[in-house]
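Pasting data-v1.pdb here (PDB, C-alpha atoms and all ligand atoms):
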```pdb
ATOM      1  CA  MET A   1     -34.366  20.269  27.205  1.00  0.00           C
ATOM      2  CA  ALA A   2     -31.758  22.438  28.961  1.00  0.00           C
ATOM      3  CA  GLN A   3     -28.184  21.907  27.777  1.00  0.00           C
ATOM      4  CA  PRO A   4     -25.102  22.207  30.002  1.00  0.00           C
ATOM      5  CA  ALA A   5     -22.983  25.271  29.151  1.00  0.00           C
ATOM      6  CA  THR A   6     -20.103  23.056  27.996  1.00  0.00           C
ATOM      7  CA  PRO A   7     -21.502  19.844  26.604  1.00  0.00           C
ATOM      8  CA  GLN A   8     -19.678  16.807  27.926  1.00  0.00           C
ATOM      9  CA  LYS A   9     -17.582  14.899  25.420  1.00  0.00           C
ATOM     10  CA  VAL A  10     -18.684  11.511  24.209  1.00  0.00           C
ATOM     11  CA  LYS A  11     -16.669   8.713  25.837  1.00  0.00           C
ATOM     12  CA  VAL A  12     -15.975   5.783  23.579  1.00  0.00           C
ATOM     13  CA  LEU A  13     -14.430   2.379  24.286  1.00  0.00           C
ATOM     14  CA  VAL A  14     -12.443   1.038  21.325  1.00  0.00           C
ATOM     15  CA  PHE A  15     -11.054  -2.471  21.006  1.00  0.00           C
ATOM     16  CA  ALA A  16     -10.422  -5.297  18.553  1.00  0.00           C
ATOM     17  CA  ALA A  17     -11.682  -8.827  19.017  1.00  0.00           C
ATOM     18  CA  SER A  18      -8.358 -10.386  18.038  1.00  0.00           C
ATOM     19  CA  LEU A  19      -5.539 -11.659  20.224  1.00  0.00           C
ATOM     20  CA  ARG A  20      -3.022 -11.941  17.365  1.00  0.00           C
ATOM     21  CA  ALA A  21       0.051  -9.695  17.685  1.00  0.00           C
ATOM     22  CA  GLY A  22      -0.036  -8.614  14.016  1.00  0.00           C
ATOM     23  CA  SER A  23      -3.829  -8.327  13.892  1.00  0.00           C
ATOM     24  CA  PHE A  24      -5.372  -6.238  11.098  1.00  0.00           C
ATOM     25  CA  ASN A  25      -8.358  -5.573  13.316  1.00  0.00           C
ATOM     26  CA  LYS A  26      -6.073  -4.230  16.042  1.00  0.00           C
ATOM     27  CA  LYS A  27      -4.590  -1.869  13.456  1.00  0.00           C
ATOM     28  CA  LEU A  28      -8.057  -0.773  12.387  1.00  0.00           C
ATOM     29  CA  ALA A  29      -9.132  -0.262  16.016  1.00  0.00           C
ATOM     30  CA  ALA A  30      -6.022   1.840  16.664  1.00  0.00           C
ATOM     31  CA  LEU A  31      -6.846   4.017  13.655  1.00  0.00           C
ATOM     32  CA  ALA A  32     -10.458   4.314  14.820  1.00  0.00           C
ATOM     33  CA  ALA A  33      -9.238   5.388  18.276  1.00  0.00           C
ATOM     34  CA  ARG A  34      -7.074   8.058  16.669  1.00  0.00           C
ATOM     35  CA  VAL A  35      -9.881   9.369  14.465  1.00  0.00           C
ATOM     36  CA  ALA A  36     -12.305   9.407  17.405  1.00  0.00           C
ATOM     37  CA  ALA A  37      -9.844  11.349  19.570  1.00  0.00           C
ATOM     38  CA  ARG A  38      -9.184  13.836  16.764  1.00  0.00           C
ATOM     39  CA  SER A  39     -12.932  14.238  16.398  1.00  0.00           C
ATOM     40  CA  GLY A  40     -13.233  15.327  20.018  1.00  0.00           C
ATOM     41  CA  ALA A  41     -14.244  12.104  21.781  1.00  0.00           C
ATOM     42  CA  LEU A  42     -12.658  10.815  24.977  1.00  0.00           C
ATOM     43  CA  VAL A  43     -11.203   7.453  24.008  1.00  0.00           C
ATOM     44  CA  ASP A  44     -10.555   4.367  26.110  1.00  0.00           C
ATOM     45  CA  HIS A  45      -8.446   2.158  23.836  1.00  0.00           C
ATOM     46  CA  ALA A  46      -8.585  -1.379  25.213  1.00  0.00           C
ATOM     47  CA  ALA A  47      -7.165  -4.748  24.197  1.00  0.00           C
ATOM     48  CA  MET A  48      -8.989  -8.060  24.017  1.00  0.00           C
ATOM     49  CA  ARG A  49      -6.371  -9.343  26.515  1.00  0.00           C
ATOM     50  CA  ASP A  50      -7.847  -6.947  29.091  1.00  0.00           C
ATOM     51  CA  PHE A  51     -11.016  -9.040  28.918  1.00  0.00           C
ATOM     52  CA  ASP A  52      -9.629 -12.586  29.219  1.00  0.00           C
ATOM     53  CA  VAL A  53     -12.346 -15.024  30.315  1.00  0.00           C
ATOM     54  CA  PRO A  54     -12.630 -18.826  30.508  1.00  0.00           C
ATOM     55  CA  LEU A  55     -15.208 -20.688  28.422  1.00  0.00           C
ATOM     56  CA  TYR A  56     -18.690 -19.873  29.681  1.00  0.00           C
ATOM     57  CA  ASP A  57     -19.945 -22.482  32.145  1.00  0.00           C
ATOM     58  CA  GLU A  58     -23.094 -21.841  34.165  1.00  0.00           C
ATOM     59  CA  ASP A  59     -21.899 -24.149  36.968  1.00  0.00           C
ATOM     60  CA  ARG A  60     -18.695 -22.153  37.199  1.00  0.00           C
ATOM     61  CA  GLU A  61     -20.675 -18.913  37.270  1.00  0.00           C
ATOM     62  CA  LYS A  62     -22.750 -20.246  40.182  1.00  0.00           C
ATOM     63  CA  ALA A  63     -19.671 -21.447  42.064  1.00  0.00           C
ATOM     64  CA  GLU A  64     -17.207 -18.645  41.347  1.00  0.00           C
ATOM     65  CA  GLY A  65     -19.205 -15.738  39.935  1.00  0.00           C
ATOM     66  CA  ILE A  66     -18.486 -13.781  36.778  1.00  0.00           C
ATOM     67  CA  PRO A  67     -14.758 -13.660  35.897  1.00  0.00           C
ATOM     68  CA  SER A  68     -12.626 -10.538  36.185  1.00  0.00           C
ATOM     69  CA  GLY A  69     -12.215 -10.111  32.395  1.00  0.00           C
ATOM     70  CA  ALA A  70     -15.967  -9.689  31.971  1.00  0.00           C
ATOM     71  CA  GLU A  71     -16.070  -7.465  35.061  1.00  0.00           C
ATOM     72  CA  GLU A  72     -13.448  -5.279  33.381  1.00  0.00           C
ATOM     73  CA  LEU A  73     -15.450  -5.017  30.147  1.00  0.00           C
ATOM     74  CA  LYS A  74     -18.583  -4.168  32.141  1.00  0.00           C
ATOM     75  CA  ARG A  75     -16.737  -1.472  34.076  1.00  0.00           C
ATOM     76  CA  ARG A  76     -15.309   0.117  30.950  1.00  0.00           C
ATOM     77  CA  LEU A  77     -18.597  -0.114  29.016  1.00  0.00           C
ATOM     78  CA  LEU A  78     -20.464   1.584  31.849  1.00  0.00           C
ATOM     79  CA  GLU A  79     -17.909   4.383  31.915  1.00  0.00           C
ATOM     80  CA  CYS A  80     -18.504   5.015  28.211  1.00  0.00           C
ATOM     81  CA  ASP A  81     -21.413   6.244  26.115  1.00  0.00           C
ATOM     82  CA  ALA A  82     -20.414   4.221  23.109  1.00  0.00           C
ATOM     83  CA  PHE A  83     -18.103   1.514  21.826  1.00  0.00           C
ATOM     84  CA  ILE A  84     -16.274   0.758  18.597  1.00  0.00           C
ATOM     85  CA  LEU A  85     -15.498  -2.907  18.025  1.00  0.00           C
ATOM     86  CA  ALA A  86     -13.270  -4.186  15.214  1.00  0.00           C
ATOM     87  CA  SER A  87     -13.812  -7.906  14.811  1.00  0.00           C
ATOM     88  CA  PRO A  88     -12.327 -10.561  12.551  1.00  0.00           C
ATOM     89  CA  GLU A  89     -14.620 -12.911  10.647  1.00  0.00           C
ATOM     90  CA  TYR A  90     -14.148 -16.620  11.389  1.00  0.00           C
ATOM     91  CA  ASN A  91     -15.962 -19.119   9.221  1.00  0.00           C
ATOM     92  CA  GLY A  92     -18.557 -16.598   8.115  1.00  0.00           C
ATOM     93  CA  SER A  93     -19.336 -15.492  11.662  1.00  0.00           C
ATOM     94  CA  MET A  94     -17.766 -13.809  14.677  1.00  0.00           C
ATOM     95  CA  PRO A  95     -14.825 -15.443  16.504  1.00  0.00           C
ATOM     96  CA  GLY A  96     -15.914 -17.638  19.414  1.00  0.00           C
ATOM     97  CA  THR A  97     -13.733 -15.565  21.738  1.00  0.00           C
ATOM     98  CA  ILE A  98     -15.853 -12.422  21.353  1.00  0.00           C
ATOM     99  CA  LYS A  99     -19.154 -14.315  21.599  1.00  0.00           C
ATOM    100  CA  ASN A 100     -17.889 -15.996  24.778  1.00  0.00           C
ATOM    101  CA  LEU A 101     -16.932 -12.615  26.231  1.00  0.00           C
ATOM    102  CA  ILE A 102     -20.335 -11.150  25.302  1.00  0.00           C
ATOM    103  CA  ASP A 103     -22.066 -14.126  26.944  1.00  0.00           C
ATOM    104  CA  TRP A 104     -20.179 -13.681  30.234  1.00  0.00           C
ATOM    105  CA  THR A 105     -20.699  -9.901  30.208  1.00  0.00           C
ATOM    106  CA  SER A 106     -24.422 -10.296  29.524  1.00  0.00           C
ATOM    107  CA  ARG A 107     -24.826 -11.953  32.948  1.00  0.00           C
ATOM    108  CA  PHE A 108     -24.440  -8.706  34.892  1.00  0.00           C
ATOM    109  CA  ARG A 109     -27.505  -6.806  36.040  1.00  0.00           C
ATOM    110  CA  PRO A 110     -28.068  -4.084  35.062  1.00  0.00           C
ATOM    111  CA  GLN A 111     -27.093  -5.558  31.729  1.00  0.00           C
ATOM    112  CA  PRO A 112     -24.151  -3.422  30.520  1.00  0.00           C
ATOM    113  CA  PHE A 113     -24.682  -3.423  26.744  1.00  0.00           C
ATOM    114  CA  ASP A 114     -28.159  -1.952  27.128  1.00  0.00           C
ATOM    115  CA  GLY A 115     -28.371   1.515  25.612  1.00  0.00           C
ATOM    116  CA  ARG A 116     -24.707   1.669  24.573  1.00  0.00           C
ATOM    117  CA  HIS A 117     -24.175   2.980  21.060  1.00  0.00           C
ATOM    118  CA  GLY A 118     -21.940   0.691  19.018  1.00  0.00           C
ATOM    119  CA  LEU A 119     -20.038   0.904  15.754  1.00  0.00           C
ATOM    120  CA  LEU A 120     -18.853  -2.352  14.204  1.00  0.00           C
ATOM    121  CA  MET A 121     -15.918  -2.712  11.859  1.00  0.00           C
ATOM    122  CA  SER A 122     -13.832  -5.539  10.486  1.00  0.00           C
ATOM    123  CA  ALA A 123     -10.691  -6.214   8.495  1.00  0.00           C
ATOM    124  CA  SER A 124      -9.868  -9.309   6.513  1.00  0.00           C
ATOM    125  CA  PRO A 125      -7.611 -10.356   3.653  1.00  0.00           C
ATOM    126  CA  SER A 126     -10.794 -11.357   1.774  1.00  0.00           C
ATOM    127  CA  LEU A 127     -12.659  -9.145  -0.694  1.00  0.00           C
ATOM    128  CA  ALA A 128     -15.675  -8.886   1.626  1.00  0.00           C
ATOM    129  CA  GLY A 129     -13.500  -7.592   4.463  1.00  0.00           C
ATOM    130  CA  GLY A 130     -15.092  -9.836   7.093  1.00  0.00           C
ATOM    131  CA  ASN A 131     -18.476  -8.168   6.745  1.00  0.00           C
ATOM    132  CA  ARG A 132     -20.503 -11.366   7.341  1.00  0.00           C
ATOM    133  CA  GLY A 133     -18.974 -11.665  10.790  1.00  0.00           C
ATOM    134  CA  LEU A 134     -20.363  -8.248  11.658  1.00  0.00           C
ATOM    135  CA  TRP A 135     -23.900  -9.264  10.689  1.00  0.00           C
ATOM    136  CA  ALA A 136     -23.515 -12.208  13.055  1.00  0.00           C
ATOM    137  CA  LEU A 137     -22.188  -9.913  15.775  1.00  0.00           C
ATOM    138  CA  ARG A 138     -25.175  -7.587  15.442  1.00  0.00           C
ATOM    139  CA  MET A 139     -27.514 -10.303  16.651  1.00  0.00           C
ATOM    140  CA  PRO A 140     -26.283 -10.833  20.244  1.00  0.00           C
ATOM    141  CA  LEU A 141     -25.402  -7.158  20.690  1.00  0.00           C
ATOM    142  CA  GLU A 142     -28.802  -5.886  19.520  1.00  0.00           C
ATOM    143  CA  HIS A 143     -30.482  -8.610  21.572  1.00  0.00           C
ATOM    144  CA  LEU A 144     -28.722  -7.097  24.568  1.00  0.00           C
ATOM    145  CA  GLY A 145     -30.015  -3.613  23.794  1.00  0.00           C
ATOM    146  CA  ALA A 146     -26.923  -2.093  22.169  1.00  0.00           C
ATOM    147  CA  ARG A 147     -27.856   0.641  19.682  1.00  0.00           C
ATOM    148  CA  LEU A 148     -25.745  -0.379  16.712  1.00  0.00           C
ATOM    149  CA  PHE A 149     -24.927   2.118  13.983  1.00  0.00           C
ATOM    150  CA  PRO A 150     -26.377   0.953  10.650  1.00  0.00           C
ATOM    151  CA  ASP A 151     -23.216   1.609   8.609  1.00  0.00           C
ATOM    152  CA  MET A 152     -20.458  -0.912   9.243  1.00  0.00           C
ATOM    153  CA  PHE A 153     -16.936  -0.537   7.880  1.00  0.00           C
ATOM    154  CA  SER A 154     -15.279  -3.679   6.490  1.00  0.00           C
ATOM    155  CA  LEU A 155     -11.743  -3.274   5.212  1.00  0.00           C
ATOM    156  CA  ALA A 156     -11.162  -5.657   2.297  1.00  0.00           C
ATOM    157  CA  MET A 157      -7.735  -7.054   1.372  1.00  0.00           C
ATOM    158  CA  ALA A 158      -6.437  -5.914   4.729  1.00  0.00           C
ATOM    159  CA  HIS A 159      -3.003  -7.419   4.112  1.00  0.00           C
ATOM    160  CA  LYS A 160      -2.526  -4.782   1.380  1.00  0.00           C
ATOM    161  CA  ALA A 161      -4.733  -1.982   2.678  1.00  0.00           C
ATOM    162  CA  PHE A 162      -2.473  -0.267   5.229  1.00  0.00           C
ATOM    163  CA  ASP A 163       0.569   1.903   4.712  1.00  0.00           C
ATOM    164  CA  ALA A 164       2.951   2.622   7.603  1.00  0.00           C
ATOM    165  CA  ASP A 165       0.533   4.864   9.418  1.00  0.00           C
ATOM    166  CA  ASP A 166      -2.987   4.629   8.023  1.00  0.00           C
ATOM    167  CA  ILE A 167      -5.363   3.160   5.455  1.00  0.00           C
ATOM    168  CA  ALA A 168      -3.337   3.623   2.280  1.00  0.00           C
ATOM    169  CA  ASP A 169      -6.120   4.546  -0.142  1.00  0.00           C
ATOM    170  CA  GLN A 170      -7.090   8.170   0.475  1.00  0.00           C
ATOM    171  CA  ALA A 171     -10.707   7.871  -0.599  1.00  0.00           C
ATOM    172  CA  LEU A 172     -11.188   4.801   1.583  1.00  0.00           C
ATOM    173  CA  ARG A 173      -9.485   6.544   4.492  1.00  0.00           C
ATOM    174  CA  ALA A 174     -11.861   9.510   4.105  1.00  0.00           C
ATOM    175  CA  ARG A 175     -14.845   7.143   4.093  1.00  0.00           C
ATOM    176  CA  PHE A 176     -13.535   5.428   7.242  1.00  0.00           C
ATOM    177  CA  GLU A 177     -13.139   8.756   9.042  1.00  0.00           C
ATOM    178  CA  LYS A 178     -16.561  10.016   7.937  1.00  0.00           C
ATOM    179  CA  ASN A 179     -18.205   6.847   9.176  1.00  0.00           C
ATOM    180  CA  ILE A 180     -16.663   7.246  12.618  1.00  0.00           C
ATOM    181  CA  GLN A 181     -17.570  10.930  12.774  1.00  0.00           C
ATOM    182  CA  ALA A 182     -21.174  10.199  11.766  1.00  0.00           C
ATOM    183  CA  PHE A 183     -21.363   7.540  14.477  1.00  0.00           C
ATOM    184  CA  LEU A 184     -19.939   9.872  17.119  1.00  0.00           C
ATOM    185  CA  SER A 185     -22.427  12.588  16.135  1.00  0.00           C
ATOM    186  CA  LEU A 186     -25.287  10.177  16.748  1.00  0.00           C
ATOM    187  CA  ALA A 187     -23.808   9.021  20.064  1.00  0.00           C
ATOM    188  CA  GLU A 188     -23.365  12.656  21.092  1.00  0.00           C
ATOM    189  CA  ALA A 189     -26.935  13.552  20.130  1.00  0.00           C
ATOM    190  CA  ALA A 190     -28.226  10.567  22.104  1.00  0.00           C
ATOM    191  CA  LYS A 191     -26.102  11.547  25.122  1.00  0.00           C
ATOM    192  CA  HIS A 192     -27.548  15.043  25.267  1.00  0.00           C
ATOM    193  CA  TYR A 193     -31.068  14.172  24.132  1.00  0.00           C
ATOM    194  CA  PRO A 194     -31.678  10.748  25.670  1.00  0.00           C
ATOM    195  CA  CYS A 195     -34.417   8.784  23.938  1.00  0.00           C
ATOM    196  CA  MET A 196     -37.405   7.348  25.736  1.00  0.00           C
ATOM    197  CA  LYS A 197     -36.008   3.840  26.218  1.00  0.00           C
ATOM    198  CA  ARG A 198     -35.681   3.154  29.905  1.00  0.00           C
ATOM    199  CA  ALA A 199     -36.194  -0.555  30.426  1.00  0.00           C
ATOM    200  CA  TRP A 200     -34.327  -3.526  29.015  1.00  0.00           C
ATOM    201  CA  VAL A 201     -36.521  -6.560  28.483  1.00  0.00           C
ATOM    202  CA  GLU A 202     -34.720  -9.532  27.014  1.00  0.00           C
ATOM    203  CA  PHE A 203     -37.795 -10.935  25.254  1.00  0.00           C
ATOM    204  CA  LEU A 204     -40.083  -7.947  24.712  1.00  0.00           C
ATOM    205  CA  GLY A 205     -43.111  -9.872  23.442  1.00  0.00           C
ATOM    206  CA  GLU A 206     -43.066 -12.574  26.087  1.00  0.00           C
ATOM    207  CA  PRO A 207     -45.995 -12.625  28.560  1.00  0.00           C
ATOM    208  CA  PRO A 208     -44.581 -10.977  31.708  1.00  0.00           C
ATOM    209  CA  GLY A 209     -44.112 -13.312  34.660  1.00  0.00           C
ATOM    210  CA  ALA A 210     -41.644 -13.692  37.504  1.00  0.00           C
ATOM    211  CA  GLY A 211     -40.431 -17.129  36.313  1.00  0.00           C
ATOM    212  CA  ALA A 212     -39.285 -16.082  32.840  1.00  0.00           C
ATOM    213  CA  ASP A 213     -38.661 -12.323  33.166  1.00  0.00           C
ATOM    214  CA  ARG A 214     -35.185 -11.062  32.369  1.00  0.00           C
ATOM    215  CA  VAL A 215     -35.806  -7.382  32.835  1.00  0.00           C
ATOM    216  CA  ASP A 216     -33.793  -4.375  33.986  1.00  0.00           C
ATOM    217  CA  PRO A 217     -36.602  -2.037  35.007  1.00  0.00           C
ATOM    218  CA  VAL A 218     -34.561   1.159  34.957  1.00  0.00           C
ATOM    219  CA  SER A 219     -31.433   1.754  32.961  1.00  0.00           C
ATOM    220  CA  PRO A 220     -29.502   4.971  32.385  1.00  0.00           C
TER
HETATM  221  C1  LIG B 301     -10.499 -20.071  12.159  1.00  0.00           C
HETATM  222  C2  LIG B 301     -10.422 -19.033  11.088  1.00  0.00           C
HETATM  223  C3  LIG B 301     -11.487 -18.823  10.259  1.00  0.00           C
HETATM  224  C4  LIG B 301     -11.472 -17.807   9.292  1.00  0.00           C
HETATM  225  N1  LIG B 301     -12.572 -17.574   8.533  1.00  0.00           N
HETATM  226  C5  LIG B 301     -12.631 -16.474   7.740  1.00  0.00           C
HETATM  227  C6  LIG B 301     -13.830 -16.109   7.068  1.00  0.00           C
HETATM  228  O1  LIG B 301     -14.851 -16.763   7.161  1.00  0.00           O
HETATM  229  N2  LIG B 301     -13.826 -14.973   6.335  1.00  0.00           N
HETATM  230  C7  LIG B 301     -12.709 -14.194   6.210  1.00  0.00           C
HETATM  231  O2  LIG B 301     -12.787 -13.163   5.553  1.00  0.00           O
HETATM  232  N3  LIG B 301     -11.556 -14.525   6.812  1.00  0.00           N
HETATM  233  C8  LIG B 301     -11.480 -15.638   7.575  1.00  0.00           C
HETATM  234  N4  LIG B 301     -10.321 -15.971   8.231  1.00  0.00           N
HETATM  235  C9  LIG B 301      -9.124 -15.178   7.977  1.00  0.00           C
HETATM  236  C10 LIG B 301      -9.082 -13.962   8.873  1.00  0.00           C
HETATM  237  O3  LIG B 301      -9.837 -12.930   8.279  1.00  0.00           O
HETATM  238  C11 LIG B 301      -7.647 -13.512   9.046  1.00  0.00           C
HETATM  239  O4  LIG B 301      -6.924 -14.520   9.724  1.00  0.00           O
HETATM  240  C12 LIG B 301      -7.559 -12.183   9.760  1.00  0.00           C
HETATM  241  O5  LIG B 301      -6.234 -11.729   9.653  1.00  0.00           O
HETATM  242  C13 LIG B 301      -7.981 -12.314  11.227  1.00  0.00           C
HETATM  243  O6  LIG B 301      -8.056 -11.049  11.813  1.00  0.00           O
HETATM  244  P1  LIG B 301      -6.831 -10.387  12.626  1.00  0.00           P
HETATM  245  O7  LIG B 301      -5.775 -10.086  11.614  1.00  0.00           O
HETATM  246  O8  LIG B 301      -7.409  -9.154  13.219  1.00  0.00           O
HETATM  247  O9  LIG B 301      -6.373 -11.378  13.665  1.00  0.00           O
HETATM  248  C14 LIG B 301     -10.329 -17.002   9.159  1.00  0.00           C
HETATM  249  C15 LIG B 301      -9.225 -17.220  10.012  1.00  0.00           C
HETATM  250  C16 LIG B 301      -9.268 -18.217  10.962  1.00  0.00           C
HETATM  251  C17 LIG B 301      -8.103 -18.395  11.909  1.00  0.00           C
END
```
Exercise: express the given structure as structure tokens:
Amino acid sequence: MAQPATPQKVKVLVFAASLRAGSFNKKLAALAARVAARSGALVDHAAMRDFDVPLYDEDREKAEGIPSGAEELKRRLLECDAFILASPEYNGSMPGTIKNLIDWTSRFRPQPFDGRHGLLMSASPSLAGGNRGLWALRMPLEHLGARLFPDMFSLAMAHKAFDADDIADQALRARFEKNIQAFLSLAEAAKHYPCMKRAWVEFLGEPPGAGADRVDPVSP
């Protein structure tokens, strides 16, 4: 396949699924944004507040449409090739706020998560670093066609893990940076050598039929 003379940079949306002012996940997302920019990506560093939405209510959707916070996430996802999401773990799963936002955003057609490359990370004071929440988060995102990177970074003991400017432990910091760079390399390869996937079908194995189909026939 012919390549443009100057390959376009990968554009990546980075945000944390926490509203808390002193959020560890916000810190981790900010570091990820910095590493991604240093690695040559174009970074859109967003805040969860940019995507404020009410609780999902199908009646409300019918009456008022999809709220502006979800519209904003859709717009910024579509402008990017990839996203990096740092999410807290709540009760062994993802916070309800991020699931609610994903649910609203999934109502757009074309469905905006489809084909986006995603890297998941978490930070928690616990020894597991919030990793279980990321496994929960994989399910709706992969259901929606996001291409999630297999390696997820979970920062354990987050209340002790940062120094003033970075992840304090050098070896851990190097692992964090390598993980982001590996993810961006894959997103870049996919951008320049798009894979065959063209259609998003919500339930691939379901007998096709107008009544049940939730299909985007052509996606970028
Ligand atoms: C409702 C609730 C449930 C939580 N459940 C978990 C949990 O299951 N696992 C965990 O590691 N931390 C849990 N925590 C602690 C969070 O990891 C901690 O509050 C973390 O700082 C939240 O992320 P943030 O700093 O980015 O806001 C929970 C916190 C709250 C408020």
Which residues of chain A come within 9 Å of ligand LIG 301 (chain B), and what is each one's closest atom pair and distance in Å (one decimal), counting only C-alpha atoms and all ligand atoms, sorted by chain and residue number, as a Markdown table?
```
| residue | atom | partner | partner_atom | distance |
| --- | --- | --- | --- | --- |
| A:Ala16 | CA | B:LIG301 | O8 | 7.2 |
| A:Ala17 | CA | B:LIG301 | O8 | 7.2 |
| A:Ser18 | CA | B:LIG301 | O9 | 4.9 |
| A:Leu19 | CA | B:LIG301 | O9 | 6.6 |
| A:Arg20 | CA | B:LIG301 | O9 | 5.0 |
| A:Ala21 | CA | B:LIG301 | O9 | 7.8 |
| A:Gly22 | CA | B:LIG301 | O7 | 6.4 |
| A:Ser23 | CA | B:LIG301 | O7 | 3.5 |
| A:Phe24 | CA | B:LIG301 | O7 | 3.9 |
| A:Asn25 | CA | B:LIG301 | O8 | 3.7 |
| A:Lys26 | CA | B:LIG301 | O8 | 5.8 |
| A:Lys27 | CA | B:LIG301 | O8 | 7.8 |
| A:Leu28 | CA | B:LIG301 | O8 | 8.4 |
| A:Ala86 | CA | B:LIG301 | O8 | 7.9 |
| A:Ser87 | CA | B:LIG301 | O8 | 6.7 |
| A:Pro88 | CA | B:LIG301 | O6 | 4.4 |
| A:Glu89 | CA | B:LIG301 | N2 | 4.8 |
| A:Tyr90 | CA | B:LIG301 | N1 | 3.4 |
| A:Asn91 | CA | B:LIG301 | O1 | 3.3 |
| A:Gly92 | CA | B:LIG301 | O1 | 3.8 |
| A:Ser93 | CA | B:LIG301 | O1 | 6.5 |
| A:Met94 | CA | B:LIG301 | O1 | 8.6 |
| A:Pro95 | CA | B:LIG301 | C1 | 7.7 |
| A:Ser122 | CA | B:LIG301 | O8 | 7.9 |
| A:Ala123 | CA | B:LIG301 | O6 | 6.4 |
| A:Ser124 | CA | B:LIG301 | O3 | 4.0 |
| A:Pro125 | CA | B:LIG301 | O3 | 5.7 |
| A:Ser126 | CA | B:LIG301 | O2 | 4.6 |
| A:Leu127 | CA | B:LIG301 | O2 | 7.4 |
| A:Ala128 | CA | B:LIG301 | O2 | 6.5 |
| A:Gly129 | CA | B:LIG301 | O2 | 5.7 |
| A:Gly130 | CA | B:LIG301 | O2 | 4.3 |
| A:Asn131 | CA | B:LIG301 | O2 | 7.7 |
| A:Arg132 | CA | B:LIG301 | N2 | 7.7 |
| A:Gly133 | CA | B:LIG301 | O1 | 7.5 |
| A:Ala156 | CA | B:LIG301 | O2 | 8.3 |
| A:Met157 | CA | B:LIG301 | O2 | 9.0 |
| A:Ala158 | CA | B:LIG301 | O5 | 7.6 |
| A:His159 | CA | B:LIG301 | O5 | 7.7 |
```
Counting all atoms listed in the file, the option among A:Pro7, A:Ala36, A:Arg76, A:Gly96 closest to A:Tyr193: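 Among the listed residues, A:Pro7 lies closest to A:Tyr193.
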Residues in the PyMOL selection byres (((chain A and resi 144) around 12) and not hetatm), expressed as JSON, numbers by chain: {"A": [102, 103, 105, 106, 107, 108, 109, 110, 111, 112, 113, 114, 115, 116, 117, 118, 137, 138, 139, 140, 141, 142, 143, 145, 146, 147, 148, 199, 200, 201, 202, 203, 204, 214, 215, 216]}
Hits of the PyMOL selection byres (((chain A and resi 32-35) around 12) and not hetatm) in this structure, as a ChimeraX atom specification: /A:11-16,25-31,36-47,83-86,119-122,153,165-167,173-184
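Atom CA of A:Val53 sits 6.2 Å away from atom CA of A:Pro67.
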Atomic separation - atom CA of A:Gln170 relative to atom CA of A:Met152, Å: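 Taking atom CA of A:Met152 as the start and atom CA of A:Gln170 as the end point, the length is 18.4 Å.
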Å distance separating atom CA of A:Leu134 from atom CA of A:Asp151, one decimal place: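 Spanning atom CA of A:Leu134 to atom CA of A:Asp151 is a straight-line distance of 10.7 Å.
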Protein/DNA/RNA residues near (-18.4, -17.1, 30.8), cut 6 Å, all atoms listed in the file, as a ChimeraX atom specification: /A:55-57,104
Residue among A:Asp169, A:Glu71, A:Asp163, A:Asp81 lying closest to A:Lys191, counting only C-alpha atoms: A:Asp81
Top pick for closest residue to A:Val10, considering A:His192, A:Arg49, A:Lys99, A:Arg198 and counting only C-alpha atoms: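 The shortest atom-to-atom distance to A:Val10 comes from A:His192.
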Residue among A:Glu64, A:Asp52, A:Glu58, A:Glu188 lying closest to A:Cys80, counting only C-alpha atoms: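 Closest to A:Cys80 of all the choices is A:Glu188.
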Nearest candidate to A:Pro150 (options A:Ala168, A:Phe162, A:Lys74, A:Leu186; using only C-alpha atoms):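 Closest residue, counting only C-alpha atoms: A:Leu186.
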Using only C-alpha atoms: which of A:Arg60, A:Gly209, A:Ala82, A:Leu73 has the shortest distance to A:Ala190: A:Ala82
